[in-house]
Amino acid sequence: MPQSAVAPTYRVGVLGASGYSGRELCALVLGHPNLTLAFATANSQRGTTLRVRAGGRVHDVPMVAPEEADLAGVDLVFAALPHGASAEWIGKVIAAGARVVDLSSDLRPGHGGVTHALPAGVPADAPYGMPELFRADMANARVVANPGCYATSILVALAPLAKSGLIAPGATVNISSASGVSGAGASPKLELLFAEITEDFRAYGVGNAHRHLYEMRATLARLGADCDLLFTPHLLPVDRGILSTISVPLSRPLSDALAPYREAYANEPFVELTTGLPALADVQHRNVVRIGAVIPTGLRQDTLLVFSAIDNLVKGAAGQAVQNANIMLGLDEGAGLQA
Ligand SMILES: NC(=O)C1=CN([C@@H]2O[C@H](COP(=O)(O)OP(=O)(O)OC[C@H]3O[C@@H](n4cnc5c(N)ncnc54)[C@H](OP(=O)(O)O)[C@@H]3O)[C@@H](O)[C@H]2O)C=CC1
Ligand SMILES: CC(=O)N[C@@H](CCC(=O)OP(=O)(O)O)C(=O)O
């Protein structure tokens with residue numbers, strides 16, 4: 001007789017639910033067939049209610065202080081806390097016996113260039129949660145470090161070239177990225193007010209000053225590339241989305257710009273290739289990296305121009321975190337991410 005297929009269910013909590021990534025996580029968890037939301041925390045907004053649209057309805061989620069969260073009563077916690085505040089809570093979650101997907105840079109390769117003291121039991125070398133590159137590292141992990149948003153858009157675009165030795169040794173890969181304002185988080189900042197940013201477009205963190213360079217350099221070296229990165233982020237006055245334009249000096253000519261991507265990502269449900277150019281509208285609210293590439297003419301150096309678009313709050317944060325949690329819990333990797 002066929003056994004009745006009962007879907008496994010896991011209890012999860014969200015630390016930092018009042019933030020932009022935390023809200024997105026709550027929506028994904030509430031719409032997930034195998035996860036239930038056991039708690040959601042806030043700091044200054046503790047005691048208030050979060051309105052979340054998921055599964056065709058609106059949910060009112062009470063937000064408690066992190067100290068009141070039942071860490072022992074869950075299987076896994078998503079930590080969507082600011083850098084620096086996260087490590088302490090990861091330590092508490094691990095001590096309580098649950099697993100963690102951490103969205104901060106505290107445990108990523110290079111730690112964003114800042115070394116925080118890690119509480120006992122928190123590994124300094126947590127697997128880097130980019131499933132398309134390092135899926136096998138995650139299944140048994142107690143803690144996974146979710147990548148940064150810019151790093152996701154850039155590394156998924158560069159990895160196939162790095163792995164196949166296509167990036168010219170010693171070359172400088174030039175990256176220009178533009179991010180929607182939700183990338184800066186929900187805490188109020190004067191320079192992010194509507195009147196300050198609307199109808200404007202500007203670079204920031206110029207001169208290779210952005211913390212994502214640490215995780216990008218470490219990951220590319222791990223994949224075998226020997227190159228420099230010149231990374232310039234820009235603030236784009238839209239809500240969400242990142243578009244990265246990446247100029248890659250090649251070690252040998254390519255006749256088909258997308259060939260390395262077709263080969264590397266043929267079986268990756270969350271990487272889309274386009275023979276056109278990816279746009280933010282293609283990826284907003286979706287857990288995908290969408291990649292296009294062209295071979296520019298009129299240059300002495302063989303070069304590939306790659307375009308990569310993601311939603312910073314989904315594939316760049318909460319969606320990738322759920323993808324990682326699915327792997328850690330032995331669920332279908334795409335569970336809860338198709339809608
Ligand atoms: N925004 C994005 O696109 C991405 C963000 N990330 C990372 O995810 C994490 C969350 O980012 P984001 O959602 O943008 O941040 P937000 O600033 O929007 O939210 C931060 C959350 O943490 C809570 N919080 C703040 N300080 C503390 C503290 N000391 N102790 C406990 N809780 C605290 C806030 O509560 P309250 O509001 O109630 O004070 C809020 O819920 C960060 O590490 C960020 O780098 C990663 C990828 C993309
Ligand atoms: C527009 C904007 O300000 N974006 C953020 C990146 C947010 C992110 O994903 O990075 P972390 O997870 O490392 O914070 C920034 O440049 O700092």
# chains A, B, ... in the order shown; residues from 1 in each chain; ligands from 1
>>> residues_around(residues="A:Ala186", least_positions_apart="2", cutoff="9 Å", atoms="only C-alpha atoms", output="PyMOL selection string")
chain A and resi 18-20+182-184+188-189
>>> write_last_selection(atoms="C-alpha atoms", output="compact mmCIF listing (two decimals), in the first residue's frame")
# COMPACT_ATOMS: atom_id res chain seq x y z
CA SER A 18 10.93 44.51 11.26
CA GLY A 19 13.81 45.12 8.82
CA TYR A 20 13.55 44.88 5.05
CA SER A 182 16.06 48.90 0.22
CA GLY A 183 19.64 47.59 0.06
CA ALA A 184 20.54 50.15 2.70
CA PRO A 188 16.13 56.03 9.03
CA LYS A 189 19.01 57.89 7.39
>>> residues_around(residues="A:Gln284", least_positions_apart="2", cutoff="6 Å", atoms="only C-alpha atoms", output="NGL selection string")
:A and (281 or 286 or 311)
>>> write_last_selection(atoms="N, CA and C atoms", output="tab-separated table (two decimals), in the first residue's frame")
chain	number	residue	atom	x	y	z
A	281	ALA	N	13.13	44.87	-13.76
A	281	ALA	CA	11.72	44.44	-13.78
A	281	ALA	C	11.59	42.93	-14.02
A	286	ARG	N	11.53	38.02	-7.29
A	286	ARG	CA	11.82	36.65	-7.72
A	286	ARG	C	13.18	36.21	-7.19
A	311	ASP	N	16.98	40.63	-7.43
A	311	ASP	CA	16.26	41.40	-6.42
A	311	ASP	C	17.11	41.31	-5.15
>>> residues_around(residues="A:Arg240", least_positions_apart="3", cutoff="10 Å", atoms="only C-alpha atoms", output="list in words")
Ser179, Gly180, Val181, Ser182, Gly183, Leu236, Pro237, Leu280, Ala281, Val283, Gln284, His285, Ile310, Asp311, Asn312, Leu313 and Val314 of chain A
>>> closest_residue(among="A:Arg217, A:Arg108, A:Arg222, A:Arg202", to="A:Asp125", atoms="only C-alpha atoms")
A:Arg108
>>> closest_atom_pairs(of="chain A", to="ligand 1", cutoff="6 Å", atoms="only C-alpha atoms and all ligand atoms", output="tab-separated table")
residue	atom	partner	partner_atom_place_in_ligand_line	distance
A:Gly16	CA	ligand 1	41 (O)	3.2
A:Ala17	CA	ligand 1	41 (O)	4.7
A:Ser18	CA	ligand 1	41 (O)	3.8
A:Gly19	CA	ligand 1	19 (O)	3.1
A:Tyr20	CA	ligand 1	13 (O)	3.9
A:Ser21	CA	ligand 1	13 (O)	3.6
A:Gly22	CA	ligand 1	13 (O)	5.5
A:Ala42	CA	ligand 1	38 (O)	3.8
A:Asn43	CA	ligand 1	38 (O)	3.6
A:Ser44	CA	ligand 1	39 (O)	3.7
A:Gln45	CA	ligand 1	38 (O)	3.6
A:Arg46	CA	ligand 1	38 (O)	5.7
A:Ala80	CA	ligand 1	10 (C)	4.1
A:Leu81	CA	ligand 1	22 (O)	4.0
A:Pro82	CA	ligand 1	43 (O)	3.9
A:His83	CA	ligand 1	43 (O)	4.6
A:Ala85	CA	ligand 1	29 (N)	5.1
A:Leu103	CA	ligand 1	8 (O)	4.5
A:Ser104	CA	ligand 1	43 (O)	3.2
A:Gly148	CA	ligand 1	47 (C)	4.6
A:Cys149	CA	ligand 1	47 (C)	4.6
A:Ser182	CA	ligand 1	1 (N)	5.3
A:Gly183	CA	ligand 1	3 (O)	3.4
A:Ala184	CA	ligand 1	1 (N)	5.4
A:Gly185	CA	ligand 1	14 (O)	3.2
A:Ala186	CA	ligand 1	18 (O)	3.6
A:Ser187	CA	ligand 1	17 (O)	4.7
A:Asn312	CA	ligand 1	3 (O)	4.6
A:Leu313	CA	ligand 1	3 (O)	4.7
A:Gly316	CA	ligand 1	48 (C)	5.2
A:Ala317	CA	ligand 1	47 (C)	4.2
>>> write_last_selection(atoms="C-alpha atoms", output="PDB file, in the first residue's frame")
ATOM      1  CA  GLY A  16      15.123  41.217  12.789  1.00  0.00           C
ATOM      2  CA  ALA A  17      11.646  40.767  11.300  1.00  0.00           C
ATOM      3  CA  SER A  18      10.929  44.508  11.255  1.00  0.00           C
ATOM      4  CA  GLY A  19      13.807  45.117   8.820  1.00  0.00           C
ATOM      5  CA  TYR A  20      13.554  44.877   5.049  1.00  0.00           C
ATOM      6  CA  SER A  21      15.167  41.441   4.799  1.00  0.00           C
ATOM      7  CA  GLY A  22      13.285  40.209   7.868  1.00  0.00           C
ATOM      8  CA  ALA A  42      12.169  43.454  16.486  1.00  0.00           C
ATOM      9  CA  ASN A  43      14.380  45.813  18.431  1.00  0.00           C
ATOM     10  CA  SER A  44      13.004  49.374  18.581  1.00  0.00           C
ATOM     11  CA  GLN A  45       9.700  48.099  17.130  1.00  0.00           C
ATOM     12  CA  ARG A  46       9.309  45.268  19.667  1.00  0.00           C
ATOM     13  CA  ALA A  80      18.489  39.326   9.711  1.00  0.00           C
ATOM     14  CA  LEU A  81      20.284  41.625  12.138  1.00  0.00           C
ATOM     15  CA  PRO A  82      22.839  44.372  11.518  1.00  0.00           C
ATOM     16  CA  HIS A  83      26.505  43.410  11.181  1.00  0.00           C
ATOM     17  CA  ALA A  85      24.709  42.530  16.374  1.00  0.00           C
ATOM     18  CA  LEU A 103      22.239  37.304   6.665  1.00  0.00           C
ATOM     19  CA  SER A 104      24.886  39.624   8.107  1.00  0.00           C
ATOM     20  CA  GLY A 148      25.820  39.909   0.451  1.00  0.00           C
ATOM     21  CA  CYS A 149      23.474  41.217  -2.221  1.00  0.00           C
ATOM     22  CA  SER A 182      16.065  48.904   0.217  1.00  0.00           C
ATOM     23  CA  GLY A 183      19.644  47.586   0.059  1.00  0.00           C
ATOM     24  CA  ALA A 184      20.542  50.150   2.699  1.00  0.00           C
ATOM     25  CA  GLY A 185      18.078  48.752   5.263  1.00  0.00           C
ATOM     26  CA  ALA A 186      15.069  50.269   6.993  1.00  0.00           C
ATOM     27  CA  SER A 187      16.667  52.321   9.750  1.00  0.00           C
ATOM     28  CA  ASN A 312      18.501  42.409  -3.480  1.00  0.00           C
ATOM     29  CA  LEU A 313      15.852  41.381  -0.935  1.00  0.00           C
ATOM     30  CA  GLY A 316      20.273  38.868  -2.594  1.00  0.00           C
ATOM     31  CA  ALA A 317      18.927  38.138   0.907  1.00  0.00           C
TER      32      ALA A 317
END
>>> closest_residue(among="A:Gln338, A:Asn146, A:Asn208, A:Thr48", to="ligand 2", atoms="only C-alpha atoms and all ligand atoms")
A:Asn146
>>> closest_residue(among="A:Ala151, A:Leu161, A:Ala141, A:Val294", to="A:Phe231", atoms="only C-alpha atoms")
A:Ala151
>>> select_by_dssp(residues="stretch 142-296 of chain A", states="strand (DSSP E or B)", output="NGL selection string")
:A and (143-145 or 167 or 172-179 or 202-203 or 228-235 or 242-250 or 271-273 or 289-294)
>>> write_last_selection(atoms="C-alpha atoms", output="PDB file, in the first residue's frame")
ATOM      1  CA  VAL A 143      25.349  27.808  10.595  1.00  0.00           C
ATOM      2  CA  VAL A 144      25.390  29.124   7.029  1.00  0.00           C
ATOM      3  CA  ALA A 145      26.611  32.619   6.094  1.00  0.00           C
ATOM      4  CA  ILE A 167      39.577  35.428 -16.560  1.00  0.00           C
ATOM      5  CA  THR A 172      41.402  43.824 -13.381  1.00  0.00           C
ATOM      6  CA  VAL A 173      37.706  42.938 -13.554  1.00  0.00           C
ATOM      7  CA  ASN A 174      35.748  46.192 -13.593  1.00  0.00           C
ATOM      8  CA  ILE A 175      32.332  46.063 -11.922  1.00  0.00           C
ATOM      9  CA  SER A 176      29.715  48.788 -11.831  1.00  0.00           C
ATOM     10  CA  SER A 177      26.571  47.964  -9.834  1.00  0.00           C
ATOM     11  CA  ALA A 178      23.413  49.956  -9.135  1.00  0.00           C
ATOM     12  CA  SER A 179      21.210  49.053  -6.171  1.00  0.00           C
ATOM     13  CA  ARG A 202      25.251  58.584  -7.741  1.00  0.00           C
ATOM     14  CA  ALA A 203      28.185  56.346  -6.878  1.00  0.00           C
ATOM     15  CA  ASP A 228      41.881  42.193  -9.212  1.00  0.00           C
ATOM     16  CA  LEU A 229      38.395  43.598  -8.756  1.00  0.00           C
ATOM     17  CA  LEU A 230      37.488  47.258  -9.209  1.00  0.00           C
ATOM     18  CA  PHE A 231      33.997  47.594  -7.728  1.00  0.00           C
ATOM     19  CA  THR A 232      31.872  50.745  -7.831  1.00  0.00           C
ATOM     20  CA  PRO A 233      28.390  50.605  -6.286  1.00  0.00           C
ATOM     21  CA  HIS A 234      25.712  53.192  -7.125  1.00  0.00           C
ATOM     22  CA  LEU A 235      22.467  54.143  -5.412  1.00  0.00           C
ATOM     23  CA  ILE A 242      20.596  45.329  -8.369  1.00  0.00           C
ATOM     24  CA  LEU A 243      22.018  45.493 -11.879  1.00  0.00           C
ATOM     25  CA  SER A 244      25.738  44.760 -12.191  1.00  0.00           C
ATOM     26  CA  THR A 245      27.693  45.482 -15.373  1.00  0.00           C
ATOM     27  CA  ILE A 246      30.962  43.565 -15.361  1.00  0.00           C
ATOM     28  CA  SER A 247      33.867  43.914 -17.783  1.00  0.00           C
ATOM     29  CA  VAL A 248      36.078  40.813 -17.800  1.00  0.00           C
ATOM     30  CA  PRO A 249      39.462  40.657 -19.596  1.00  0.00           C
ATOM     31  CA  LEU A 250      39.609  37.133 -21.072  1.00  0.00           C
ATOM     32  CA  VAL A 271      19.854  31.175 -12.684  1.00  0.00           C
ATOM     33  CA  GLU A 272      18.280  32.508 -15.870  1.00  0.00           C
ATOM     34  CA  LEU A 273      20.178  33.302 -19.049  1.00  0.00           C
ATOM     35  CA  VAL A 289      19.952  35.768 -10.957  1.00  0.00           C
ATOM     36  CA  ARG A 290      19.337  36.769 -14.573  1.00  0.00           C
ATOM     37  CA  ILE A 291      22.438  36.981 -16.745  1.00  0.00           C
ATOM     38  CA  GLY A 292      23.154  38.354 -20.208  1.00  0.00           C
ATOM     39  CA  ALA A 293      26.546  38.756 -21.910  1.00  0.00           C
ATOM     40  CA  VAL A 294      28.018  40.336 -25.027  1.00  0.00           C
TER      41      VAL A 294
END
>>> atom_distance(atom1="atom CA of A:Pro123", atom2="atom CA of A:Lys315")
24.1 Å
>>> select_by_dssp(residues="stretch 128-317 of chain A", states="helix (DSSP H, G or I)", output="ChimeraX atom specification")
/A:131-137,149-163,181-184,190-192,194-197,212-222,259-265,280-283,314-317
>>> write_last_selection(atoms="C-alpha atoms", output="JSON list (two decimals), in the first residue's frame")
[["chain", "number", "residue", "atom", "x", "y", "z"],
["A", 131, "PRO", "CA", 23.97, 27.18, -3.48],
["A", 132, "GLU", "CA", 24.93, 27.42, -7.14],
["A", 133, "LEU", "CA", 28.61, 27.29, -6.12],
["A", 134, "PHE", "CA", 28.81, 25.56, -2.75],
["A", 135, "ARG", "CA", 25.64, 23.50, -2.29],
["A", 136, "ALA", "CA", 27.52, 20.45, -0.96],
["A", 137, "ASP", "CA", 28.97, 22.40, 1.99],
["A", 149, "CYS", "CA", 23.47, 41.22, -2.22],
["A", 150, "TYR", "CA", 26.07, 42.78, -4.53],
["A", 151, "ALA", "CA", 28.31, 39.75, -4.03],
["A", 152, "THR", "CA", 25.49, 37.45, -5.16],
["A", 153, "SER", "CA", 24.87, 39.34, -8.39],
["A", 154, "ILE", "CA", 28.60, 39.51, -9.15],
["A", 155, "LEU", "CA", 29.87, 36.09, -8.06],
["A", 156, "VAL", "CA", 27.16, 34.11, -9.84],
["A", 157, "ALA", "CA", 28.13, 36.05, -12.98],
["A", 158, "LEU", "CA", 31.89, 35.56, -12.55],
["A", 159, "ALA", "CA", 32.06, 31.99, -11.20],
["A", 160, "PRO", "CA", 31.78, 30.10, -14.53],
["A", 161, "LEU", "CA", 34.55, 32.27, -15.98],
["A", 162, "ALA", "CA", 36.74, 31.82, -12.89],
["A", 163, "LYS", "CA", 36.28, 28.04, -12.80],
["A", 181, "VAL", "CA", 17.40, 51.85, -1.82],
["A", 182, "SER", "CA", 16.06, 48.90, 0.22],
["A", 183, "GLY", "CA", 19.64, 47.59, 0.06],
["A", 184, "ALA", "CA", 20.54, 50.15, 2.70],
["A", 190, "LEU", "CA", 18.83, 61.50, 6.17],
["A", 191, "GLU", "CA", 20.70, 60.77, 2.95],
["A", 192, "LEU", "CA", 18.12, 58.13, 1.99],
["A", 194, "PHE", "CA", 12.83, 60.42, -0.78],
["A", 195, "ALA", "CA", 13.63, 64.09, -1.39],
["A", 196, "GLU", "CA", 17.35, 63.37, -1.22],
["A", 197, "ILE", "CA", 17.45, 60.48, -3.66],
["A", 212, "HIS", "CA", 31.57, 42.98, -0.24],
["A", 213, "LEU", "CA", 35.01, 43.01, -1.86],
["A", 214, "TYR", "CA", 36.24, 40.73, 0.95],
["A", 215, "GLU", "CA", 33.79, 37.93, 0.23],
["A", 216, "MET", "CA", 34.12, 38.41, -3.54],
["A", 217, "ARG", "CA", 37.93, 38.24, -3.54],
["A", 218, "ALA", "CA", 37.99, 35.23, -1.22],
["A", 219, "THR", "CA", 35.41, 33.36, -3.30],
["A", 220, "LEU", "CA", 37.06, 34.06, -6.64],
["A", 221, "ALA", "CA", 40.42, 32.92, -5.28],
["A", 222, "ARG", "CA", 38.74, 29.73, -4.03],
["A", 259, "ALA", "CA", 28.55, 29.47, -23.62],
["A", 260, "PRO", "CA", 30.27, 29.36, -20.18],
["A", 261, "TYR", "CA", 26.92, 30.08, -18.51],
["A", 262, "ARG", "CA", 24.96, 27.47, -20.44],
["A", 263, "GLU", "CA", 27.47, 24.87, -19.39],
["A", 264, "ALA", "CA", 27.72, 25.92, -15.73],
["A", 265, "TYR", "CA", 24.07, 26.61, -15.02],
["A", 280, "LEU", "CA", 15.37, 44.92, -12.82],
["A", 281, "ALA", "CA", 11.72, 44.44, -13.78],
["A", 282, "ASP", "CA", 12.58, 40.85, -14.85],
["A", 283, "VAL", "CA", 13.79, 39.87, -11.39],
["A", 314, "VAL", "CA", 15.08, 38.00, -2.54],
["A", 315, "LYS", "CA", 18.03, 36.28, -4.29],
["A", 316, "GLY", "CA", 20.27, 38.87, -2.59],
["A", 317, "ALA", "CA", 18.93, 38.14, 0.91]]
>>> closest_residue(among="A:Asp102, A:Asp302, A:Asp256, A:Glu268", to="ligand 2", atoms="only C-alpha atoms and all ligand atoms")
A:Asp102
>>> atom_distance(atom1="atom CA of A:Asn326", atom2="atom 12 (O, counted along the ligand's line) of ligand 2")
20.1 Å
>>> closest_residue(among="A:Gly170, A:Gly73, A:Pro278, A:Pro147", to="ligand 2", atoms="only C-alpha atoms and all ligand atoms")
A:Pro147
>>> closest_residue(among="A:Leu254, A:Val306, A:Ala54, A:Val206", to="ligand 2", atoms="only C-alpha atoms and all ligand atoms")
A:Val206
